[in-house]
$ cat query25.cif   # mmCIF, C-alpha atoms
data_protein
loop_
_atom_site.group_PDB
_atom_site.id
_atom_site.type_symbol
_atom_site.label_atom_id
_atom_site.label_comp_id
_atom_site.auth_asym_id
_atom_site.auth_seq_id
_atom_site.Cartn_x
_atom_site.Cartn_y
_atom_site.Cartn_z
ATOM 1 C CA MET A 286 103.631 80.662 99.648
ATOM 2 C CA SER A 287 106.267 78.391 101.151
ATOM 3 C CA ASN A 288 108.697 81.320 101.126
ATOM 4 C CA ASN A 289 106.394 83.638 103.045
ATOM 5 C CA PRO A 290 108.370 84.456 106.233
ATOM 6 C CA HIS A 291 105.237 84.269 108.383
ATOM 7 C CA PHE A 292 104.606 80.684 107.270
ATOM 8 C CA MET A 293 108.260 79.702 107.638
ATOM 9 C CA ASN A 294 108.697 81.056 111.177
ATOM 10 C CA MET A 295 105.634 79.557 112.862
ATOM 11 C CA THR A 296 105.771 78.341 116.452
ATOM 12 C CA ALA A 297 103.209 76.173 118.212
ATOM 13 C CA ASP A 298 101.730 78.906 120.398
ATOM 14 C CA THR A 299 101.469 81.450 117.555
ATOM 15 C CA LEU A 300 100.407 79.108 114.760
ATOM 16 C CA GLY A 301 97.115 80.929 114.242
ATOM 17 C CA LYS A 302 98.722 84.381 114.303
ATOM 18 C CA SER A 303 101.418 83.338 111.817
ATOM 19 C CA LEU A 304 98.861 81.851 109.439
ATOM 20 C CA LEU A 305 96.732 84.996 109.621
ATOM 21 C CA GLN A 306 99.717 87.306 109.075
ATOM 22 C CA GLY A 307 100.890 85.143 106.186
ATOM 23 C CA LEU A 308 97.515 85.346 104.465
ATOM 24 C CA ILE A 309 97.427 89.129 104.890
ATOM 25 C CA GLN A 310 100.958 89.354 103.455
ATOM 26 C CA GLU A 311 99.857 87.413 100.370
ATOM 27 C CA ILE A 312 97.009 89.897 99.863
ATOM 28 C CA ARG A 313 99.334 92.871 100.401
ATOM 29 C CA ILE A 314 101.606 91.906 97.512
ATOM 30 C CA MET A 315 98.692 91.670 95.062
ATOM 31 C CA PRO A 316 98.883 94.700 92.724
ATOM 32 C CA ASP A 317 96.484 97.558 93.544
ATOM 33 C CA CYS A 318 94.520 95.558 96.090
ATOM 34 C CA TRP A 319 95.162 95.843 99.831
ATOM 35 C CA GLN A 320 96.724 99.295 99.795
ATOM 36 C CA LYS A 321 93.624 100.823 98.177
ATOM 37 C CA LEU A 322 91.240 99.509 100.832
ATOM 38 C CA PRO A 323 90.301 101.833 103.717
ATOM 39 C CA GLU A 324 91.205 100.741 107.237
ATOM 40 C CA ALA A 325 87.644 99.611 108.044
ATOM 41 C CA LYS A 326 87.493 97.323 105.001
ATOM 42 C CA GLN A 327 90.895 95.869 105.852
ATOM 43 C CA GLN A 328 89.632 95.114 109.365
ATOM 44 C CA ASP A 329 86.587 93.317 107.906
ATOM 45 C CA ILE A 330 88.876 91.096 105.839
ATOM 46 C CA ILE A 331 91.118 90.398 108.834
ATOM 47 C CA ASP A 332 88.076 89.452 110.943
ATOM 48 C CA ARG A 333 86.801 87.026 108.287
ATOM 49 C CA LEU A 334 90.216 85.465 107.807
ATOM 50 C CA GLU A 335 90.666 85.175 111.574
ATOM 51 C CA ARG A 336 87.444 83.171 111.873
ATOM 52 C CA GLN A 337 88.514 80.840 109.062
ATOM 53 C CA VAL A 338 92.034 80.386 110.473
ATOM 54 C CA ARG A 339 90.656 79.723 113.958
ATOM 55 C CA ASN A 340 88.216 77.129 112.588
ATOM 56 C CA ALA A 341 90.923 75.501 110.464
ATOM 57 C CA ALA A 342 93.354 75.380 113.403
ATOM 58 C CA THR A 343 90.666 73.810 115.603
ATOM 59 C CA ILE A 344 89.896 71.109 113.049
ATOM 60 C CA ALA A 345 93.610 70.459 112.482
ATOM 61 C CA VAL A 346 94.304 70.070 116.205
ATOM 62 C CA HIS A 347 91.354 67.731 116.671
ATOM 63 C CA THR A 348 92.314 65.682 113.607
ATOM 64 C CA ILE A 349 95.936 65.293 114.703
ATOM 65 C CA ALA A 350 95.000 64.555 118.318
ATOM 66 C CA GLY A 351 92.375 62.002 117.315
ATOM 67 C CA GLY A 352 94.603 60.141 114.877
ATOM 68 C CA ASP A 353 92.627 57.389 113.129
ATOM 69 C CA ARG A 354 89.961 57.351 115.843
ATOM 70 C CA ASP A 355 86.424 58.648 115.427
ATOM 71 C CA THR A 356 86.265 61.902 117.355
ATOM 72 C CA VAL A 357 83.428 64.080 118.595
ATOM 73 C CA TYR A 358 84.088 67.700 119.484
ATOM 74 C CA GLY A 359 82.090 69.133 122.370
ATOM 75 C CA LYS A 360 82.145 71.753 125.101
ATOM 76 C CA LEU A 361 82.298 70.732 128.747
ATOM 77 C CA GLU A 362 79.103 72.172 130.233
ATOM 78 C CA SER A 363 79.359 70.909 133.817
ATOM 79 C CA MET A 364 81.338 68.652 136.100
ATOM 80 C CA THR A 365 80.132 67.022 139.313
ATOM 81 C CA ALA A 366 82.101 64.972 141.807
ATOM 82 C CA LYS A 367 80.319 62.852 144.423
ATOM 83 C CA ASP A 368 80.764 59.114 144.572
ATOM 84 C CA LYS A 369 81.802 59.371 140.939
ATOM 85 C CA MET A 370 82.911 62.195 138.687
ATOM 86 C CA LYS A 371 80.356 62.984 136.022
ATOM 87 C CA ALA A 372 81.007 65.284 133.070
ATOM 88 C CA VAL A 373 78.325 66.724 130.802
ATOM 89 C CA PHE A 374 79.393 67.621 127.257
ATOM 90 C CA VAL A 375 77.375 69.599 124.729
ATOM 91 C CA VAL A 376 77.865 68.225 121.206
ATOM 92 C CA ASN A 377 76.805 69.795 117.919
ATOM 93 C CA PRO A 378 73.854 67.751 116.564
ATOM 94 C CA SER A 379 75.336 67.950 113.059
ATOM 95 C CA ASN A 380 78.467 66.084 114.133
ATOM 96 C CA PRO A 381 78.939 63.100 111.779
ATOM 97 C CA HIS A 382 79.799 60.803 114.693
ATOM 98 C CA LYS A 383 76.825 61.608 116.906
ATOM 99 C CA GLU A 384 75.344 58.147 116.373
ATOM 100 C CA ASP A 385 78.663 56.554 117.298
ATOM 101 C CA LEU A 386 78.487 58.527 120.524
ATOM 102 C CA LEU A 387 75.041 57.092 121.265
ATOM 103 C CA PHE A 388 76.370 53.541 120.863
ATOM 104 C CA ALA A 389 79.329 54.386 123.099
ATOM 105 C CA VAL A 390 77.162 54.884 126.198
ATOM 106 C CA ASN A 391 78.498 52.799 129.115
ATOM 107 C CA LYS A 392 81.662 52.090 127.120
ATOM 108 C CA ASP A 393 85.146 53.448 127.640
ATOM 109 C CA CYS A 394 85.874 56.661 125.740
ATOM 110 C CA LEU A 395 89.060 58.680 125.465
ATOM 111 C CA LEU A 396 88.805 62.351 126.440
ATOM 112 C CA ILE A 397 91.523 64.724 125.270
ATOM 113 C CA ILE A 398 91.446 67.928 127.294
ATOM 114 C CA GLY A 399 92.256 71.093 125.432
ATOM 115 C CA GLY A 400 91.696 72.587 122.027
ATOM 116 C CA ALA A 401 93.173 75.022 119.555
ATOM 117 C CA ASN A 402 93.272 78.032 121.897
ATOM 118 C CA GLU A 403 96.876 77.387 122.891
ATOM 119 C CA PHE A 404 97.874 77.596 119.219
ATOM 120 C CA THR A 405 96.002 80.782 118.337
ATOM 121 C CA GLU A 406 97.492 83.307 120.748
ATOM 122 C CA GLY A 407 98.138 86.796 119.426
ATOM 123 C CA MET A 408 95.661 86.715 116.539
ATOM 124 C CA ASP A 409 94.011 89.848 117.921
ATOM 125 C CA GLN A 410 97.328 91.664 117.430
ATOM 126 C CA VAL A 411 97.018 91.565 113.632
ATOM 127 C CA LYS A 412 95.758 95.030 112.710
ATOM 128 C CA PRO A 413 94.886 96.831 109.461
ATOM 129 C CA ASP A 414 97.041 99.598 108.071
ATOM 130 C CA PRO A 415 95.834 103.030 109.262
ATOM 131 C CA ASP A 416 94.160 105.254 106.697
ATOM 132 C CA GLN A 417 96.677 107.614 105.142
ATOM 133 C CA ASN A 418 96.242 111.281 104.312
ATOM 134 C CA PRO A 419 97.921 111.735 100.898
ATOM 135 C CA LEU A 420 100.208 114.382 102.384
ATOM 136 C CA ASP A 421 100.633 112.714 105.775
ATOM 137 C CA LEU A 422 103.640 110.463 105.400
ATOM 138 C CA ASN A 423 103.912 109.593 109.071
ATOM 139 C CA GLY A 424 100.429 108.208 109.675
ATOM 140 C CA GLY A 425 99.070 111.111 111.690
ATOM 141 C CA ASP A 426 101.987 111.484 114.075
ATOM 142 C CA HIS A 427 103.218 114.978 114.818
ATOM 143 C CA ASP A 428 106.910 114.242 115.019
ATOM 144 C CA MET A 429 107.373 115.388 111.435
ATOM 145 C CA GLU A 430 106.212 118.858 112.463
ATOM 146 C CA ASP A 431 109.278 119.300 114.647
ATOM 147 C CA ALA A 432 111.978 121.609 113.466
ATOM 148 C CA GLY A 433 114.484 119.821 111.242
ATOM 149 C CA ALA A 434 112.381 116.670 110.881
ATOM 150 C CA TRP A 435 112.407 117.022 107.092
ATOM 151 C CA GLY A 436 116.113 117.813 106.908
ATOM 152 C CA GLY A 437 117.602 121.084 105.718
ATOM 153 C CA MET A 438 117.838 124.170 107.908
ATOM 154 C CA GLN A 439 116.017 124.632 111.182
ATOM 155 C CA PRO A 440 114.257 127.974 111.700
ATOM 156 C CA ALA A 441 116.270 130.471 113.710
ATOM 157 C CA ASP A 442 115.130 131.934 117.009
ATOM 158 C CA ASP A 443 113.055 135.124 116.750
ATOM 159 C CA SER A 444 115.884 137.117 118.331
ATOM 160 C CA ASP A 445 118.171 136.290 115.406
ATOM 161 C CA VAL A 446 115.693 136.793 112.588
ATOM 162 C CA GLY A 447 117.373 139.946 111.393
ATOM 163 C CA ASP A 448 120.769 138.283 110.992
ATOM 164 C CA ALA A 449 119.565 134.885 109.775
ATOM 165 C CA GLU A 450 120.451 133.676 106.318
ATOM 166 C CA PHE A 451 117.901 131.404 104.698
ATOM 167 C CA GLN A 452 118.787 128.876 102.088
ATOM 168 C CA GLU A 453 116.304 128.579 99.264
ATOM 169 C CA LEU A 454 115.053 125.032 98.888
ATOM 170 C CA PRO A 455 115.761 123.493 95.494
ATOM 171 C CA GLN A 456 112.910 122.621 93.187
ATOM 172 C CA LEU A 457 111.384 119.218 93.890
ATOM 173 C CA THR A 458 111.664 116.543 91.266
ATOM 174 C CA VAL A 459 108.759 116.412 88.828
ATOM 175 C CA GLU A 460 108.324 112.646 89.105
ATOM 176 C CA ARG A 461 105.816 111.665 91.765
ATOM 177 C CA PHE A 462 104.645 108.355 93.130
ATOM 178 C CA ALA A 463 100.983 108.424 94.230
ATOM 179 C CA GLY A 464 101.428 112.159 94.824
ATOM 180 C CA HIS A 465 104.714 111.839 96.748
ATOM 181 C CA THR A 466 108.181 112.818 95.603
ATOM 182 C CA LEU A 467 111.021 110.372 96.015
ATOM 183 C CA GLY A 468 112.541 112.607 98.691
ATOM 184 C CA GLU A 469 109.314 112.690 100.695
ATOM 185 C CA ILE A 470 108.999 108.908 100.543
ATOM 186 C CA ALA A 471 112.650 108.441 101.517
ATOM 187 C CA ILE A 472 112.285 110.699 104.565
ATOM 188 C CA GLY A 473 108.983 109.071 105.519
ATOM 189 C CA VAL A 474 110.552 105.598 105.340
ATOM 190 C CA ALA A 475 113.649 106.635 107.284
ATOM 191 C CA THR A 476 111.457 108.202 109.977
ATOM 192 C CA LYS A 477 109.300 105.134 110.526
ATOM 193 C CA LYS A 478 111.271 102.005 109.639
ATOM 194 C CA ASP A 479 114.648 100.368 110.077
ATOM 195 C CA VAL A 480 113.738 97.376 107.901
ATOM 196 C CA PHE A 481 110.841 97.174 105.428
ATOM 197 C CA ASP A 482 109.627 95.365 102.338
ATOM 198 C CA ALA A 483 107.837 96.398 99.144
ATOM 199 C CA ALA A 484 104.432 95.427 100.552
ATOM 200 C CA TRP A 485 104.818 97.883 103.448
ATOM 201 C CA LEU A 486 105.946 100.567 101.006
ATOM 202 C CA GLN A 487 102.842 99.985 98.857
ATOM 203 C CA SER A 488 100.525 100.072 101.843
ATOM 204 C CA ARG A 489 102.136 103.105 103.482
ATOM 205 C CA PHE A 490 102.169 105.371 100.436
ATOM 206 C CA ALA A 491 99.351 103.826 98.341
ATOM 207 C CA LEU A 492 101.784 102.844 95.580
ATOM 208 C CA THR A 493 101.224 100.371 92.780
ATOM 209 C CA THR A 494 103.527 97.372 92.523
ATOM 210 C CA GLU A 495 105.426 99.033 89.676
ATOM 211 C CA GLU A 496 105.790 102.302 91.609
ATOM 212 C CA ALA A 497 107.039 100.503 94.710
ATOM 213 C CA GLU A 498 109.603 98.610 92.646
ATOM 214 C CA ARG A 499 110.842 101.826 91.018
ATOM 215 C CA VAL A 500 111.068 103.612 94.382
ATOM 216 C CA VAL A 501 113.077 100.728 95.866
ATOM 217 C CA LEU A 502 115.513 100.761 92.941
ATOM 218 C CA GLN A 503 116.013 104.523 93.221
ATOM 219 C CA LEU A 504 116.481 104.416 96.994
ATOM 220 C CA LEU A 505 119.073 101.678 96.521
ATOM 221 C CA ASP A 506 120.822 103.746 93.855
ATOM 222 C CA GLN A 507 120.845 106.825 96.113
ATOM 223 C CA GLY A 508 122.292 104.867 99.026
ATOM 224 C CA VAL A 509 119.279 105.487 101.272
ATOM 225 C CA ILE A 510 118.677 101.748 101.728
ATOM 226 C CA VAL A 511 120.573 98.486 101.258
ATOM 227 C CA LEU A 512 119.348 94.963 100.626
ATOM 228 C CA GLU A 513 118.792 93.244 103.983
ATOM 229 C CA GLN A 514 117.561 89.810 102.883
ATOM 230 C CA GLU A 515 117.017 88.539 99.350
ATOM 231 C CA ASN A 516 114.225 86.138 98.441
ATOM 232 C CA GLU A 517 115.377 83.808 95.675
ATOM 233 C CA GLU A 518 111.941 83.287 94.123
ATOM 234 C CA SER A 519 110.303 86.712 94.403
ATOM 235 C CA ARG A 520 112.027 90.042 94.851
ATOM 236 C CA GLU A 521 108.722 91.449 96.119
ATOM 237 C CA LEU A 522 109.515 89.569 99.343
ATOM 238 C CA ASN A 523 112.998 91.077 99.666
ATOM 239 C CA THR A 524 113.616 93.154 102.776
ATOM 240 C CA TYR A 525 115.637 96.377 102.881
ATOM 241 C CA ARG A 526 117.467 98.235 105.646
ATOM 242 C CA VAL A 527 117.478 102.039 105.926
ATOM 243 C CA VAL A 528 121.048 103.326 106.285
ATOM 244 C CA LYS A 529 120.458 107.082 106.171
ATOM 245 C CA LYS A 530 118.849 109.284 108.806
ATOM 246 C CA PRO A 531 115.966 111.611 107.858
ATOM 247 C CA GLY A 532 118.140 114.693 108.289
ATOM 248 C CA ASP A 533 120.701 113.314 105.828
ATOM 249 C CA ILE A 534 118.163 112.890 103.029
ATOM 250 C CA ALA A 535 117.516 115.781 100.644
ATOM 251 C CA LEU A 536 113.960 116.667 99.702
ATOM 252 C CA ASP A 537 115.045 117.020 96.071
ATOM 253 C CA LEU A 538 116.264 113.417 95.968
ATOM 254 C CA GLU A 539 115.871 112.069 92.452
#

$ encode --input "query25.cif" --output "structure tokens"
Amino acid sequence: MSNNPHFMNMTADTLGKSLLQGLIQEIRIMPDCWQKLPEAKQQDIIDRLERQVRNAATIAVHTIAGGDRDTVYGKLESMTAKDKMKAVFVVNPSNPHKEDLLFAVNKDCLLIIGGANEFTEGMDQVKPDPDQNPLDLNGGDHDMEDAGAWGGMQPADDSDVGDAEFQELPQLTVERFAGHTLGEIAIGVATKKDVFDAAWLQSRFALTTEEAERVVLQLLDQGVIVLEQENEESRELNTYRVVKKPGDIALDLE
């Protein structure tokens, strides 16, 4: 897990988001797991993980801030300022240091203002993968319906129908990956991504780990993609860059 890019590139203000994304990435690379879950189920998992990450980040911040001191977490309910400033805190009755707090009445206590919120920004931006129609490679967008989006010839204007020459499309390769040909996957990838990894490929096209690995090898061999960044411990975490445009990729790619 130490080589997961989300864990390696954490910053203070996005600690929670990076942890959540890293956990989701670890689930994505599990064979036949994440990519077979519908969008709603993925969202349920993200919600549960978000709660756990938020709780863990809160405890970590309080532990680090408190050092070796006994600490009591509470919410500031009210604040009054007259001759003196008086603050009222609401503390969970199950807190292990509640008795220490009782004995601390009329004694000096250290208050640290703040919490984990500043470290958990952006967690709501982690979203599930949209449900995929088996034949809808672009996630429901309509840009693939445009003329020429799949490569090959564009239809001629009606006025030139009589003189138009149509090229017969070659037969598609027999080998399919989760119902998709290699050419369809290549065009779908080139349409949507500049850089991707095997986990995204699995999720996008509902591929198994073995299918995703075979597709990557064939796309590399065909010159559709090149290796962007190699992970020394797991090639499943390698990233690849698309170097061909959709119109330059043949549907009968094999």

$ resolve_selection --input "query25.cif" --expression "the PyMOL selection byres ((chain A and resi 489) around 8)" --output "list in words"
Gln320, Asp414, Gln417, Leu422, Trp485, Leu486, Gln487, Ser488, Phe490, Ala491 and Leu492 of chain A

$ write_last_selection --input "query25.cif" --atoms "C-alpha atoms" --output "PDB file, in the coordinates of the input"
ATOM      1  CA  GLN A 320      96.724  99.295  99.795  1.00  0.00           C
ATOM      2  CA  ASP A 414      97.041  99.598 108.071  1.00  0.00           C
ATOM      3  CA  GLN A 417      96.677 107.614 105.142  1.00  0.00           C
ATOM      4  CA  LEU A 422     103.640 110.463 105.400  1.00  0.00           C
ATOM      5  CA  TRP A 485     104.818  97.883 103.448  1.00  0.00           C
ATOM      6  CA  LEU A 486     105.946 100.567 101.006  1.00  0.00           C
ATOM      7  CA  GLN A 487     102.842  99.985  98.857  1.00  0.00           C
ATOM      8  CA  SER A 488     100.525 100.072 101.843  1.00  0.00           C
ATOM      9  CA  PHE A 490     102.169 105.371 100.436  1.00  0.00           C
ATOM     10  CA  ALA A 491      99.351 103.826  98.341  1.00  0.00           C
ATOM     11  CA  LEU A 492     101.784 102.844  95.580  1.00  0.00           C
TER      12      LEU A 492
END

$ residues_around --input "query25.cif" --residues "Thr405 of chain A" --least-positions-apart "3" --cutoff "8 Å" --atoms "all atoms listed in the file" --output "list in words"
Asp298, Thr299, Leu300, Gly301, Lys302, Arg339, Ala342, Ala401, Asn402 and Met408 of chain A

$ write_last_selection --input "query25.cif" --atoms "C-alpha atoms" --output "compact mmCIF listing (two decimals), in the frame of the given file"
# COMPACT_ATOMS: atom_id res chain seq x y z
CA ASP A 298 101.73 78.91 120.40
CA THR A 299 101.47 81.45 117.56
CA LEU A 300 100.41 79.11 114.76
CA GLY A 301 97.12 80.93 114.24
CA LYS A 302 98.72 84.38 114.30
CA ARG A 339 90.66 79.72 113.96
CA ALA A 342 93.35 75.38 113.40
CA ALA A 401 93.17 75.02 119.56
CA ASN A 402 93.27 78.03 121.90
CA MET A 408 95.66 86.72 116.54

$ resolve_selection --input "query25.cif" --expression "the PyMOL selection byres ((chain A and resi 376) around 8)" --output "PDB file with C-alpha atoms, in the coordinates of the input"
ATOM      1  CA  VAL A 357      83.428  64.080 118.595  1.00  0.00           C
ATOM      2  CA  TYR A 358      84.088  67.700 119.484  1.00  0.00           C
ATOM      3  CA  GLY A 359      82.090  69.133 122.370  1.00  0.00           C
ATOM      4  CA  LYS A 360      82.145  71.753 125.101  1.00  0.00           C
ATOM      5  CA  PHE A 374      79.393  67.621 127.257  1.00  0.00           C
ATOM      6  CA  VAL A 375      77.375  69.599 124.729  1.00  0.00           C
ATOM      7  CA  ASN A 377      76.805  69.795 117.919  1.00  0.00           C
ATOM      8  CA  PRO A 378      73.854  67.751 116.564  1.00  0.00           C
ATOM      9  CA  ASN A 380      78.467  66.084 114.133  1.00  0.00           C
ATOM     10  CA  LYS A 383      76.825  61.608 116.906  1.00  0.00           C
TER      11      LYS A 383
END

$ atom_distance --input "query25.cif" --atom1 "atom CA of Leu361 of chain A" --atom2 "atom CA of Val338 of chain A"
22.8 Å

$ closest_residue --input "query25.cif" --among "A:Asn523, A:Gln410, A:Gln327, A:Ser363" --to "Ala484 of chain A" --atoms "only C-alpha atoms"
A:Asn523

$ resolve_selection --input "query25.cif" --expression "the PyMOL selection byres ((chain A and resi 525) around 9)" --output "PyMOL selection string"
chain A and resi 479-483+501+505+510-515+523-524+526-527

$ residues_near_point --input "query25.cif" --point "(109.0, 104.6, 95.1)" --cutoff "9 Å" --atoms "all atoms listed in the file" --output "ChimeraX atom specification"
/A:461-463,465-467,470-471,486-487,490,492,495-504

$ atom_distance --input "query25.cif" --atom1 "atom CA of Lys369 of chain A" --atom2 "atom CA of Phe388 of chain A"
21.6 Å

$ atom_distance --input "query25.cif" --atom1 "atom CA of Lys529 of chain A" --atom2 "atom CA of Ala475 of chain A"
6.9 Å

$ closest_residue --input "query25.cif" --among "A:Ser519, A:Val509, A:Gln328, A:Thr493" --to "Met315 of chain A" --atoms "all atoms listed in the file"
A:Thr493

$ closest_residue --input "query25.cif" --among "A:Asp355, A:Glu406, A:Asp393, A:Asp385" --to "Leu304 of chain A" --atoms "all atoms listed in the file"
A:Glu406

$ closest_residue --input "query25.cif" --among "A:Cys318, A:Thr476, A:Leu305, A:Thr365" --to "Gln337 of chain A" --atoms "all atoms listed in the file"
A:Leu305

$ closest_residue --input "query25.cif" --among "A:Glu324, A:Ile472, A:Lys478, A:Phe404" --to "Val346 of chain A" --atoms "all atoms listed in the file"
A:Phe404
